[in-house]
$ cat target-v5.cif   # mmCIF, C-alpha atoms
data_query
loop_
_atom_site.label_atom_id
_atom_site.label_comp_id
_atom_site.auth_asym_id
_atom_site.auth_seq_id
_atom_site.Cartn_x
_atom_site.Cartn_y
_atom_site.Cartn_z
CA MET A 633 14.60 6.84 -0.81
CA THR A 634 11.27 8.41 0.18
CA PRO A 635 10.07 11.47 -1.77
CA PRO A 636 9.84 14.37 0.75
CA GLU A 637 6.23 15.20 -0.15
CA MET A 638 5.21 11.62 0.65
CA GLU A 639 6.99 11.82 3.96
CA ASN A 640 5.14 15.04 4.80
CA ARG A 641 1.81 13.43 3.98
CA ALA A 642 2.67 10.39 6.05
CA THR A 643 3.69 12.59 8.99
CA ALA A 644 0.39 14.49 8.90
CA LEU A 645 -1.57 11.25 8.52
CA LEU A 646 0.07 9.63 11.52
CA ALA A 647 -0.52 12.77 13.63
CA ALA A 648 -4.22 12.71 12.74
CA TYR A 649 -4.54 9.01 13.64
CA LYS A 650 -2.61 9.47 16.85
CA GLU A 651 -4.85 12.36 17.88
CA LYS A 652 -7.94 10.19 17.46
CA GLY A 653 -6.30 7.16 19.06
CA LEU A 654 -6.75 5.07 15.90
CA LYS A 655 -4.37 2.38 14.66
CA ILE A 656 -3.59 1.23 11.13
CA ALA A 657 -2.96 -2.18 9.59
CA THR A 658 -1.89 -2.79 5.99
CA ALA A 659 -2.43 -5.71 3.63
CA GLU A 660 -0.23 -5.27 0.59
CA SER A 661 0.14 -7.33 -2.51
CA CYS A 662 1.45 -5.30 -5.49
CA THR A 663 2.99 -2.63 -3.26
CA GLY A 664 4.82 -5.37 -1.34
CA GLY A 665 5.31 -3.48 1.92
CA LEU A 666 5.87 0.04 0.53
CA VAL A 667 2.94 1.55 2.43
CA ALA A 668 4.10 0.06 5.73
CA ALA A 669 7.70 1.08 4.96
CA LEU A 670 6.64 4.66 4.24
CA LEU A 671 4.52 5.01 7.37
CA THR A 672 7.22 3.52 9.61
CA GLU A 673 9.78 5.93 8.15
CA ILE A 674 8.22 8.49 10.48
CA SER A 675 9.51 8.60 14.04
CA GLY A 676 6.75 7.77 16.51
CA SER A 677 4.85 5.68 13.96
CA SER A 678 4.73 2.77 16.40
CA ALA A 679 1.85 4.54 18.16
CA VAL A 680 -0.25 4.16 15.01
CA VAL A 681 1.10 1.40 12.73
CA GLU A 682 -0.04 -1.78 14.45
CA ARG A 683 1.06 -4.38 11.93
CA GLY A 684 1.34 -5.08 8.24
CA PHE A 685 0.81 -8.09 6.01
CA VAL A 686 2.73 -8.53 2.78
CA THR A 687 0.43 -11.08 1.18
CA TYR A 688 2.32 -11.57 -2.01
CA SER A 689 1.23 -15.15 -2.70
CA ASN A 690 -2.41 -16.23 -2.86
CA GLU A 691 -1.70 -18.67 0.00
CA ALA A 692 -0.55 -15.75 2.14
CA LYS A 693 -3.79 -13.87 1.38
CA THR A 694 -5.78 -16.87 2.54
CA GLU A 695 -3.65 -18.04 5.46
CA LEU A 696 -2.77 -14.67 7.00
CA ILE A 697 -5.88 -12.59 6.49
CA GLY A 698 -8.55 -15.12 5.58
CA VAL A 699 -9.27 -14.20 1.95
CA PRO A 700 -11.41 -17.15 0.80
CA VAL A 701 -9.78 -19.42 -1.79
CA ASP A 702 -13.08 -19.45 -3.71
CA LEU A 703 -13.13 -15.66 -3.91
CA ILE A 704 -9.67 -15.62 -5.50
CA ALA A 705 -10.66 -18.46 -7.84
CA ALA A 706 -13.87 -16.72 -8.91
CA HIS A 707 -12.61 -13.14 -9.33
CA GLY A 708 -8.82 -13.35 -9.50
CA ALA A 709 -6.36 -11.95 -6.96
CA VAL A 710 -6.61 -8.50 -8.59
CA SER A 711 -10.29 -7.73 -8.13
CA GLU A 712 -12.70 -5.65 -6.09
CA PRO A 713 -13.89 -8.54 -3.89
CA VAL A 714 -10.32 -9.58 -3.03
CA ALA A 715 -9.27 -5.99 -2.25
CA ARG A 716 -12.27 -5.66 0.08
CA ALA A 717 -11.55 -9.04 1.69
CA MET A 718 -7.88 -8.13 2.19
CA ALA A 719 -8.77 -4.91 4.01
CA GLU A 720 -11.48 -6.55 6.11
CA GLY A 721 -9.23 -9.53 6.85
CA ALA A 722 -6.39 -7.27 7.96
CA LEU A 723 -8.80 -5.54 10.33
CA VAL A 724 -9.96 -8.84 11.83
CA HIS A 725 -6.44 -10.24 12.10
CA SER A 726 -4.96 -7.22 13.86
CA ARG A 727 -5.66 -4.78 16.64
CA ALA A 728 -6.05 -1.91 14.22
CA ASP A 729 -9.10 0.30 13.69
CA VAL A 730 -8.51 1.02 10.00
CA ALA A 731 -6.96 -1.26 7.40
CA VAL A 732 -6.06 -0.77 3.76
CA GLY A 733 -5.80 -3.60 1.23
CA ILE A 734 -3.98 -3.21 -2.10
CA THR A 735 -3.88 -5.66 -4.99
CA GLY A 736 -2.87 -4.85 -8.53
CA VAL A 737 -0.87 -5.61 -11.66
CA ALA A 738 2.43 -3.75 -11.29
CA GLY A 739 3.88 -5.31 -14.44
CA PRO A 740 5.70 -5.34 -16.70
CA THR A 741 4.30 -8.87 -17.15
CA GLY A 742 1.01 -10.33 -15.92
CA GLY A 743 -1.36 -7.94 -17.66
CA THR A 744 -4.38 -9.14 -19.65
CA ALA A 745 -7.00 -7.41 -21.81
CA THR A 746 -9.43 -7.04 -18.91
CA LYS A 747 -6.77 -6.65 -16.20
CA PRO A 748 -4.02 -4.58 -17.79
CA VAL A 749 -0.75 -3.53 -16.22
CA GLY A 750 -1.52 -0.57 -13.97
CA LEU A 751 -4.87 -1.86 -12.69
CA VAL A 752 -5.00 -1.63 -8.90
CA HIS A 753 -7.90 -2.35 -6.54
CA PHE A 754 -7.97 -0.90 -3.04
CA GLY A 755 -10.13 -1.71 -0.04
CA LEU A 756 -10.39 0.43 3.06
CA ALA A 757 -11.99 -1.23 6.06
CA ARG A 758 -12.97 0.55 9.26
CA LYS A 759 -14.47 -0.68 12.48
CA GLY A 760 -18.19 0.03 12.47
CA ALA A 761 -18.33 1.45 8.95
CA ALA A 762 -18.81 0.11 5.44
CA THR A 763 -15.70 -0.87 3.48
CA ILE A 764 -14.69 1.53 0.73
CA HIS A 765 -13.50 0.26 -2.66
CA LEU A 766 -11.36 2.18 -5.14
CA GLU A 767 -10.26 1.04 -8.59
CA ARG A 768 -7.46 2.75 -10.47
CA ARG A 769 -6.12 2.20 -13.96
CA TYR A 770 -2.81 4.02 -14.05
CA GLY A 771 -1.75 2.61 -17.38
CA ASP A 772 1.63 1.07 -18.11
CA LEU A 773 3.78 3.66 -16.31
CA GLY A 774 6.47 1.19 -15.31
CA ARG A 775 6.55 -0.99 -12.23
CA ALA A 776 8.11 1.52 -9.81
CA ASN A 777 5.76 4.34 -10.85
CA ILE A 778 2.67 2.15 -10.61
CA ARG A 779 3.68 1.08 -7.12
CA TRP A 780 4.26 4.65 -5.98
CA ARG A 781 0.96 5.82 -7.45
CA ALA A 782 -0.69 3.01 -5.51
CA VAL A 783 1.04 4.14 -2.30
CA GLU A 784 -0.30 7.67 -2.87
CA ASP A 785 -3.85 6.40 -3.32
CA ALA A 786 -3.52 4.20 -0.24
CA LEU A 787 -2.52 7.31 1.73
CA SER A 788 -5.53 9.17 0.31
CA LEU A 789 -7.86 6.43 1.51
CA LEU A 790 -6.25 6.37 4.94
CA GLU A 791 -6.62 10.18 5.07
CA LEU A 792 -10.29 9.86 4.14
CA ALA A 793 -10.89 7.49 7.04
CA VAL A 794 -9.56 9.89 9.66
CA ARG A 795 -11.43 13.02 8.55
CA MET B 1405 13.01 5.72 -4.41
CA THR B 1406 15.27 2.66 -4.40
CA PRO B 1407 19.04 3.19 -4.75
CA PRO B 1408 20.10 1.46 -8.03
CA GLU B 1409 22.85 -0.58 -6.35
CA MET B 1410 20.31 -2.04 -3.93
CA GLU B 1411 18.02 -2.91 -6.81
CA ASN B 1412 20.90 -4.69 -8.57
CA ARG B 1413 21.67 -6.70 -5.45
CA ALA B 1414 18.01 -7.59 -5.00
CA THR B 1415 17.77 -8.68 -8.64
CA ALA B 1416 20.78 -10.99 -8.29
CA LEU B 1417 19.50 -12.34 -4.99
CA LEU B 1418 16.10 -13.20 -6.40
CA ALA B 1419 17.69 -14.90 -9.41
CA ALA B 1420 19.81 -17.07 -7.12
CA TYR B 1421 16.82 -18.07 -5.01
CA LYS B 1422 14.71 -18.75 -8.07
CA GLU B 1423 17.41 -20.98 -9.54
CA LYS B 1424 17.47 -23.08 -6.36
CA GLY B 1425 13.68 -23.07 -6.02
CA LEU B 1426 13.86 -21.38 -2.62
CA LYS B 1427 11.32 -18.92 -1.24
CA ILE B 1428 11.78 -16.04 1.18
CA ALA B 1429 9.67 -14.68 4.04
CA THR B 1430 10.42 -11.51 5.99
CA ALA B 1431 9.62 -10.47 9.56
CA GLU B 1432 10.37 -6.78 9.96
CA SER B 1433 10.13 -4.52 12.93
CA CYS B 1434 12.43 -1.50 12.66
CA THR B 1435 12.62 -1.70 8.85
CA GLY B 1436 8.81 -1.74 8.73
CA GLY B 1437 8.43 -3.49 5.37
CA LEU B 1438 11.43 -1.98 3.55
CA VAL B 1439 13.05 -5.36 2.83
CA ALA B 1440 9.83 -6.77 1.39
CA ALA B 1441 9.24 -3.55 -0.55
CA LEU B 1442 12.75 -3.68 -2.03
CA LEU B 1443 12.52 -7.33 -3.05
CA THR B 1444 9.08 -6.90 -4.61
CA GLU B 1445 10.35 -3.91 -6.59
CA ILE B 1446 11.88 -6.52 -8.91
CA SER B 1447 9.67 -7.93 -11.63
CA GLY B 1448 9.16 -11.67 -11.19
CA SER B 1449 9.73 -11.47 -7.43
CA SER B 1450 6.48 -13.32 -6.79
CA ALA B 1451 8.33 -16.56 -7.62
CA VAL B 1452 10.54 -16.01 -4.57
CA VAL B 1453 8.92 -13.61 -2.08
CA GLU B 1454 6.29 -15.75 -0.41
CA ARG B 1455 5.04 -13.37 2.26
CA GLY B 1456 6.12 -10.72 4.71
CA PHE B 1457 5.21 -9.77 8.23
CA VAL B 1458 5.50 -6.21 9.46
CA THR B 1459 5.45 -6.96 13.17
CA TYR B 1460 5.70 -3.44 14.46
CA SER B 1461 3.90 -3.96 17.76
CA ASN B 1462 4.89 -6.60 20.30
CA GLU B 1463 1.40 -8.09 19.97
CA ALA B 1464 2.01 -8.55 16.25
CA LYS B 1465 5.29 -10.35 16.95
CA THR B 1466 3.44 -12.74 19.24
CA GLU B 1467 0.19 -13.17 17.33
CA LEU B 1468 1.54 -13.40 13.79
CA ILE B 1469 4.81 -15.27 14.17
CA GLY B 1470 4.62 -16.74 17.65
CA VAL B 1471 7.36 -14.82 19.43
CA PRO B 1472 6.74 -15.76 23.10
CA VAL B 1473 5.50 -12.93 25.31
CA ASP B 1474 7.94 -14.10 28.00
CA LEU B 1475 10.88 -13.83 25.62
CA ILE B 1476 10.04 -10.19 24.85
CA ALA B 1477 9.52 -9.47 28.56
CA ALA B 1478 12.84 -11.07 29.52
CA HIS B 1479 15.10 -9.71 26.77
CA GLY B 1480 13.22 -6.79 25.22
CA ALA B 1481 11.90 -6.59 21.67
CA VAL B 1482 15.35 -5.53 20.40
CA SER B 1483 17.45 -8.55 21.37
CA GLU B 1484 19.16 -11.60 19.94
CA PRO B 1485 16.53 -14.08 21.20
CA VAL B 1486 13.67 -12.05 19.71
CA ALA B 1487 15.47 -11.64 16.35
CA ARG B 1488 16.01 -15.40 16.22
CA ALA B 1489 12.40 -16.08 17.23
CA MET B 1490 11.11 -13.67 14.59
CA ALA B 1491 13.06 -15.41 11.82
CA GLU B 1492 12.12 -18.88 12.99
CA GLY B 1493 8.50 -17.84 13.51
CA ALA B 1494 8.30 -16.38 10.00
CA LEU B 1495 9.60 -19.66 8.63
CA VAL B 1496 6.99 -21.70 10.53
CA HIS B 1497 4.16 -19.32 9.65
CA SER B 1498 4.87 -19.25 5.93
CA ARG B 1499 5.67 -21.53 3.02
CA ALA B 1500 9.15 -20.08 2.69
CA ASP B 1501 12.50 -21.88 2.96
CA VAL B 1502 14.49 -18.94 4.31
CA ALA B 1503 13.30 -16.15 6.59
CA VAL B 1504 14.95 -13.02 7.90
CA GLY B 1505 13.93 -11.25 11.11
CA ILE B 1506 14.94 -7.68 11.89
CA THR B 1507 14.45 -5.77 15.15
CA GLY B 1508 16.26 -2.62 16.16
CA VAL B 1509 16.22 0.91 17.50
CA ALA B 1510 15.86 3.20 14.47
CA GLY B 1511 15.53 6.29 16.63
CA PRO B 1512 15.72 9.17 17.09
CA THR B 1513 13.96 8.27 20.37
CA GLY B 1514 13.85 4.94 22.20
CA GLY B 1515 17.58 4.44 22.73
CA THR B 1516 19.06 3.48 26.10
CA ALA B 1517 22.61 3.05 27.41
CA THR B 1518 22.64 -0.69 26.65
CA LYS B 1519 20.40 -0.49 23.58
CA PRO B 1520 21.39 2.71 21.83
CA VAL B 1521 19.88 4.14 18.66
CA GLY B 1522 21.38 2.20 15.77
CA LEU B 1523 21.40 -1.20 17.48
CA VAL B 1524 19.83 -3.82 15.22
CA HIS B 1525 19.54 -7.58 15.73
CA PHE B 1526 19.00 -9.91 12.79
CA GLY B 1527 17.97 -13.55 12.64
CA LEU B 1528 18.24 -15.73 9.55
CA ALA B 1529 16.33 -18.99 9.72
CA ARG B 1530 16.61 -21.79 7.17
CA LYS B 1531 14.86 -25.11 6.86
CA GLY B 1532 17.16 -27.83 8.18
CA ALA B 1533 19.96 -25.52 9.31
CA ALA B 1534 20.85 -23.56 12.43
CA THR B 1535 19.58 -20.00 12.71
CA ILE B 1536 22.17 -17.28 12.21
CA HIS B 1537 22.29 -14.21 14.42
CA LEU B 1538 23.86 -10.88 13.54
CA GLU B 1539 24.15 -7.83 15.76
CA ARG B 1540 24.98 -4.41 14.36
CA ARG B 1541 25.59 -1.10 16.10
CA TYR B 1542 25.42 1.51 13.36
CA GLY B 1543 25.45 4.47 15.69
CA ASP B 1544 23.05 7.38 15.53
CA LEU B 1545 23.10 7.89 11.76
CA GLY B 1546 19.54 9.11 11.56
CA ARG B 1547 16.42 7.02 11.22
CA ALA B 1548 16.39 6.67 7.41
CA ASN B 1549 20.10 5.75 7.23
CA ILE B 1550 19.82 3.19 10.03
CA ARG B 1551 16.88 1.56 8.28
CA TRP B 1552 18.72 1.38 4.96
CA ARG B 1553 21.85 -0.02 6.58
CA ALA B 1554 19.62 -2.68 8.13
CA VAL B 1555 18.13 -3.49 4.72
CA GLU B 1556 21.65 -3.94 3.33
CA ASP B 1557 22.59 -6.33 6.11
CA ALA B 1558 19.34 -8.24 5.66
CA LEU B 1559 20.25 -8.68 1.99
CA SER B 1560 23.73 -9.88 2.99
CA LEU B 1561 22.21 -12.54 5.23
CA LEU B 1562 19.79 -13.64 2.55
CA GLU B 1563 22.71 -13.83 0.09
CA LEU B 1564 24.66 -15.94 2.59
CA ALA B 1565 21.82 -18.45 2.81
CA VAL B 1566 21.73 -19.10 -0.93
CA ARG B 1567 25.48 -19.61 -1.46
#

$ encode --input "target-v5.cif" --output "structure tokens"
Amino acid sequence: MTPPEMENRATALLAAYKEKGLKIATAESCTGGLVAALLTEISGSSAVVERGFVTYSNEAKTELIGVPVDLIAAHGAVSEPVARAMAEGALVHSRADVAVGITGVAGPTGGTATKPVGLVHFGLARKGAATIHLERRYGDLGRANIRWRAVEDALSLLELAVR
Amino acid sequence: MTPPEMENRATALLAAYKEKGLKIATAESCTGGLVAALLTEISGSSAVVERGFVTYSNEAKTELIGVPVDLIAAHGAVSEPVARAMAEGALVHSRADVAVGITGVAGPTGGTATKPVGLVHFGLARKGAATIHLERRYGDLGRANIRWRAVEDALSLLELAVR
């Protein structure tokens, strides 16, 4: 189930958002709903978690949150531009104030020389502020570990946005 | 993290869907993305998991998967009609063949005499077949346990649809 330290972080995060009256949306590809699942583990999260998109297929990225087909074709689904577009698209297609987008290669298959297993791109979009991009290369830690590391970094970005 | 027996069930489920060329969409309220997160824990799940909706707010239920405002007003978000509408809406608003909708009272707050903590309604929608409804009353087992029980029942419904 959820590691207790993650739950504590999520609890503090939600309290900080609630205090400022800010809502969160998520757009998850490689984490497949883990960030939303973690945040909604906390009682009272409905005051903050507005909605989440699990855009696992490229069609979902385009149809649900408006990531341009051309952007995916030009840069690949795991790329800085797509991570930014996912976060910004989640913001536009929700009633949230802050949105995080996550796209990566969780493995064990699907890695390439330039986009190895463990590569994850994050976007953090906020109303009235520039989108933040973060790239991580965790290495081939195994699928579950890569996904949890990505959840931790998504929390860090969401924390950053509320400070 | 994920209980091993759940991961085994998810692995078998995905293999069965893959063999039949069927794709899955999820529409989650009280489970908040846990079903999608569990399914995407499995390597190769992208062949089956098409997209997921975490429709935590009522607005998300309406805007993302077309659950009528009037239906929520008449029956409440945790109800058989809304669970059915969530599953059917996820099917329409995706490229999936089977969709599961989950709405419940995970607690510890939010329970009433008629809709106590632990009440969860499920809808399972399939292309060309009648939607299935399931109601569970788990009792006040605690938020995390109620959510996991709901994930197990969602898997059972998805298994049923591929038999």

$ calpha_fit_and_write --input "target-v5.cif" --fixed "chain B" --moving "chain A" --output "compact mmCIF listing (two decimals) with C-alpha atoms, keeping the file's coordinate frame"
# COMPACT_ATOMS: atom_id res chain seq x y z
CA MET A 633 13.00 5.70 -4.38
CA THR A 634 15.27 2.64 -4.41
CA PRO A 635 19.03 3.19 -4.77
CA PRO A 636 20.10 1.47 -8.04
CA GLU A 637 22.85 -0.57 -6.37
CA MET A 638 20.30 -2.03 -3.95
CA GLU A 639 18.03 -2.91 -6.82
CA ASN A 640 20.90 -4.70 -8.58
CA ARG A 641 21.67 -6.70 -5.45
CA ALA A 642 18.02 -7.58 -5.01
CA THR A 643 17.78 -8.69 -8.65
CA ALA A 644 20.79 -10.99 -8.30
CA LEU A 645 19.49 -12.34 -4.99
CA LEU A 646 16.09 -13.20 -6.40
CA ALA A 647 17.70 -14.91 -9.42
CA ALA A 648 19.83 -17.06 -7.12
CA TYR A 649 16.81 -18.07 -5.01
CA LYS A 650 14.71 -18.76 -8.07
CA GLU A 651 17.43 -20.98 -9.53
CA LYS A 652 17.48 -23.09 -6.37
CA GLY A 653 13.69 -23.08 -6.04
CA LEU A 654 13.86 -21.40 -2.62
CA LYS A 655 11.32 -18.93 -1.24
CA ILE A 656 11.77 -16.04 1.18
CA ALA A 657 9.68 -14.69 4.04
CA THR A 658 10.43 -11.52 6.00
CA ALA A 659 9.63 -10.48 9.56
CA GLU A 660 10.36 -6.79 9.96
CA SER A 661 10.13 -4.54 12.94
CA CYS A 662 12.43 -1.48 12.66
CA THR A 663 12.63 -1.71 8.87
CA GLY A 664 8.82 -1.76 8.74
CA GLY A 665 8.44 -3.49 5.37
CA LEU A 666 11.45 -1.98 3.55
CA VAL A 667 13.05 -5.36 2.84
CA ALA A 668 9.83 -6.77 1.40
CA ALA A 669 9.25 -3.54 -0.55
CA LEU A 670 12.75 -3.68 -2.03
CA LEU A 671 12.53 -7.33 -3.05
CA THR A 672 9.08 -6.90 -4.61
CA GLU A 673 10.35 -3.91 -6.61
CA ILE A 674 11.88 -6.51 -8.91
CA SER A 675 9.67 -7.93 -11.63
CA GLY A 676 9.18 -11.67 -11.18
CA SER A 677 9.74 -11.47 -7.42
CA SER A 678 6.48 -13.32 -6.82
CA ALA A 679 8.32 -16.55 -7.64
CA VAL A 680 10.53 -16.02 -4.59
CA VAL A 681 8.92 -13.62 -2.08
CA GLU A 682 6.29 -15.76 -0.39
CA ARG A 683 5.03 -13.38 2.27
CA GLY A 684 6.13 -10.73 4.71
CA PHE A 685 5.21 -9.77 8.25
CA VAL A 686 5.50 -6.21 9.48
CA THR A 687 5.46 -6.96 13.20
CA TYR A 688 5.71 -3.44 14.45
CA SER A 689 3.90 -3.95 17.76
CA ASN A 690 4.90 -6.60 20.30
CA GLU A 691 1.39 -8.09 19.96
CA ALA A 692 2.00 -8.54 16.23
CA LYS A 693 5.29 -10.35 16.95
CA THR A 694 3.45 -12.74 19.24
CA GLU A 695 0.19 -13.16 17.34
CA LEU A 696 1.55 -13.39 13.79
CA ILE A 697 4.80 -15.26 14.16
CA GLY A 698 4.62 -16.75 17.64
CA VAL A 699 7.37 -14.81 19.45
CA PRO A 700 6.74 -15.77 23.09
CA VAL A 701 5.51 -12.93 25.32
CA ASP A 702 7.96 -14.09 28.01
CA LEU A 703 10.89 -13.82 25.61
CA ILE A 704 10.04 -10.19 24.85
CA ALA A 705 9.51 -9.49 28.56
CA ALA A 706 12.83 -11.08 29.53
CA HIS A 707 15.09 -9.70 26.78
CA GLY A 708 13.22 -6.78 25.22
CA ALA A 709 11.89 -6.59 21.66
CA VAL A 710 15.34 -5.53 20.40
CA SER A 711 17.44 -8.53 21.37
CA GLU A 712 19.15 -11.59 19.96
CA PRO A 713 16.53 -14.08 21.20
CA VAL A 714 13.66 -12.05 19.71
CA ALA A 715 15.45 -11.63 16.36
CA ARG A 716 16.01 -15.40 16.23
CA ALA A 717 12.40 -16.10 17.23
CA MET A 718 11.10 -13.67 14.59
CA ALA A 719 13.05 -15.40 11.82
CA GLU A 720 12.12 -18.89 13.00
CA GLY A 721 8.49 -17.85 13.50
CA ALA A 722 8.30 -16.38 10.01
CA LEU A 723 9.59 -19.68 8.64
CA VAL A 724 6.98 -21.69 10.54
CA HIS A 725 4.15 -19.32 9.65
CA SER A 726 4.86 -19.26 5.92
CA ARG A 727 5.68 -21.53 3.03
CA ALA A 728 9.14 -20.07 2.68
CA ASP A 729 12.48 -21.88 2.95
CA VAL A 730 14.48 -18.94 4.30
CA ALA A 731 13.29 -16.16 6.58
CA VAL A 732 14.96 -13.03 7.91
CA GLY A 733 13.93 -11.28 11.12
CA ILE A 734 14.94 -7.68 11.90
CA THR A 735 14.45 -5.78 15.15
CA GLY A 736 16.25 -2.63 16.15
CA VAL A 737 16.23 0.91 17.50
CA ALA A 738 15.87 3.20 14.48
CA GLY A 739 15.52 6.31 16.64
CA PRO A 740 15.71 9.17 17.09
CA THR A 741 13.97 8.27 20.37
CA GLY A 742 13.86 4.94 22.20
CA GLY A 743 17.58 4.46 22.73
CA THR A 744 19.06 3.49 26.10
CA ALA A 745 22.61 3.07 27.43
CA THR A 746 22.66 -0.66 26.67
CA LYS A 747 20.40 -0.48 23.60
CA PRO A 748 21.39 2.72 21.82
CA VAL A 749 19.88 4.15 18.66
CA GLY A 750 21.37 2.20 15.76
CA LEU A 751 21.39 -1.20 17.48
CA VAL A 752 19.83 -3.82 15.22
CA HIS A 753 19.54 -7.58 15.73
CA PHE A 754 18.99 -9.91 12.79
CA GLY A 755 17.99 -13.55 12.64
CA LEU A 756 18.23 -15.72 9.56
CA ALA A 757 16.33 -18.99 9.71
CA ARG A 758 16.60 -21.78 7.16
CA LYS A 759 14.86 -25.10 6.85
CA GLY A 760 17.16 -27.82 8.15
CA ALA A 761 19.95 -25.51 9.28
CA ALA A 762 20.85 -23.58 12.41
CA THR A 763 19.58 -20.00 12.71
CA ILE A 764 22.19 -17.31 12.20
CA HIS A 765 22.29 -14.21 14.43
CA LEU A 766 23.88 -10.88 13.54
CA GLU A 767 24.15 -7.81 15.76
CA ARG A 768 24.99 -4.39 14.36
CA ARG A 769 25.60 -1.09 16.09
CA TYR A 770 25.43 1.51 13.35
CA GLY A 771 25.46 4.46 15.70
CA ASP A 772 23.06 7.38 15.54
CA LEU A 773 23.11 7.89 11.76
CA GLY A 774 19.53 9.11 11.56
CA ARG A 775 16.42 7.01 11.22
CA ALA A 776 16.39 6.66 7.41
CA ASN A 777 20.09 5.74 7.24
CA ILE A 778 19.81 3.19 10.03
CA ARG A 779 16.89 1.56 8.27
CA TRP A 780 18.72 1.39 4.96
CA ARG A 781 21.85 -0.03 6.58
CA ALA A 782 19.62 -2.68 8.13
CA VAL A 783 18.12 -3.49 4.72
CA GLU A 784 21.64 -3.94 3.32
CA ASP A 785 22.59 -6.33 6.12
CA ALA A 786 19.34 -8.25 5.67
CA LEU A 787 20.24 -8.68 1.99
CA SER A 788 23.72 -9.88 2.98
CA LEU A 789 22.22 -12.54 5.24
CA LEU A 790 19.79 -13.64 2.55
CA GLU A 791 22.73 -13.83 0.10
CA LEU A 792 24.67 -15.94 2.59
CA ALA A 793 21.82 -18.44 2.80
CA VAL A 794 21.72 -19.09 -0.93
CA ARG A 795 25.46 -19.59 -1.50

$ resolve_selection --input "target-v5.cif" --expression "the PyMOL selection byres ((chain B and resi 1438) around 8)" --output "list in words"
Gly665, Leu666, Ala668 and Ala669 of chain A; Thr1435, Gly1436, Gly1437, Val1439, Ala1440, Ala1441, Leu1442 and Val1555 of chain B

$ closest_residue --input "target-v5.cif" --among "B:Ala1534, B:Met1490, B:Val1473, B:Ala1451" --to "chain A" --atoms "all atoms listed in the file"
B:Ala1451

$ resolve_selection --input "target-v5.cif" --expression "the PyMOL selection byres ((chain A and resi 719) around 7)" --output "list of chain:residue names"
A:Ala659, A:Ala715, A:Arg716, A:Ala717, A:Met718, A:Glu720, A:Gly721, A:Ala722, A:Leu723, A:Ala731, A:Val732, A:Gly733, A:Gly755, A:Leu756, A:Ala757

$ residues_around --input "target-v5.cif" --residues "Pro740 of chain A" --least-positions-apart "2" --cutoff "9 Å" --atoms "all atoms listed in the file" --output "list in words"
Val737, Ala738, Gly742, Gly743, Val749, Asp772, Gly774 and Arg775 of chain A; Ser1447 of chain B

$ interface_residues --input "target-v5.cif" --of "chain B" --to "chain A" --cutoff "9 Å" --atoms "all atoms listed in the file" --output "ChimeraX atom specification"
/B:1405-1407,1430,1434-1448,1450-1451,1453-1461,1463-1465,1467-1468,1497-1499,1510-1513,1547-1548,1551-1552

$ residues_around --input "target-v5.cif" --residues "Leu654 of chain A" --least-positions-apart "4" --cutoff "7 Å" --atoms "all atoms listed in the file" --output "list in words"
Tyr649, Lys650, Val680 and Asp729 of chain A

$ atom_distance --input "target-v5.cif" --atom1 "atom CA of Ser788 of chain A" --atom2 "atom CA of Val699 of chain A"
23.7 Å

$ residues_near_point --input "target-v5.cif" --point "(22.2, -15.5, 1.9)" --cutoff "10 Å" --atoms "all atoms listed in the file" --output "list in words"
Leu1417, Ala1420, Tyr1421, Val1502, Val1504, Leu1528, Arg1530, Ala1558, Leu1559, Ser1560, Leu1561, Leu1562, Glu1563, Leu1564, Ala1565, Val1566 and Arg1567 of chain B

$ closest_residue --input "target-v5.cif" --among "A:Arg768, A:Lys655, A:Arg641, A:Lys759" --to "Arg781 of chain A" --atoms "all atoms listed in the file"
A:Arg768

$ residues_around --input "target-v5.cif" --residues "Ala709 of chain A" --least-positions-apart "3" --cutoff "8 Å" --atoms "only C-alpha atoms" --output "MDAnalysis selection string"
chainID A and resid 690 704:705 714 735

$ atom_distance --input "target-v5.cif" --atom1 "atom CA of Leu703 of chain A" --atom2 "atom CA of Tyr770 of chain A"
24.4 Å

$ atom_distance --input "target-v5.cif" --atom1 "atom CA of Ile1550 of chain B" --atom2 "atom CA of Thr1466 of chain B"
24.6 Å

$ residues_around --input "target-v5.cif" --residues "His1525 of chain B" --least-positions-apart "4" --cutoff "8 Å" --atoms "all atoms listed in the file" --output "list in words"
Val1482, Ser1483, Glu1484, Ala1487, Ile1506, Thr1507, Gly1508, His1537, Leu1538, Glu1539 and Arg1540 of chain B

$ decode --input "target-v5.cif" --residues "segment 1537-1550 of chain B" --atoms "C-alpha atoms" --output "compact mmCIF listing (two decimals), in the first residue's frame"
# COMPACT_ATOMS: atom_id res chain seq x y z
CA HIS B 1537 -24.28 -2.64 -11.72
CA LEU B 1538 -22.81 -3.80 -8.43
CA GLU B 1539 -23.46 -2.36 -4.99
CA ARG B 1540 -21.22 -3.13 -2.03
CA ARG B 1541 -21.51 -2.16 1.61
CA TYR B 1542 -18.11 -2.91 3.11
CA GLY B 1543 -18.79 -1.22 6.40
CA ASP B 1544 -16.49 1.27 8.08
CA LEU B 1545 -13.22 -0.59 7.51
CA GLY B 1546 -11.13 2.53 7.24
CA ARG B 1547 -10.47 4.60 4.16
CA ALA B 1548 -7.50 2.63 2.78
CA ASN B 1549 -9.22 -0.75 3.26
CA ILE B 1550 -12.46 0.43 1.66
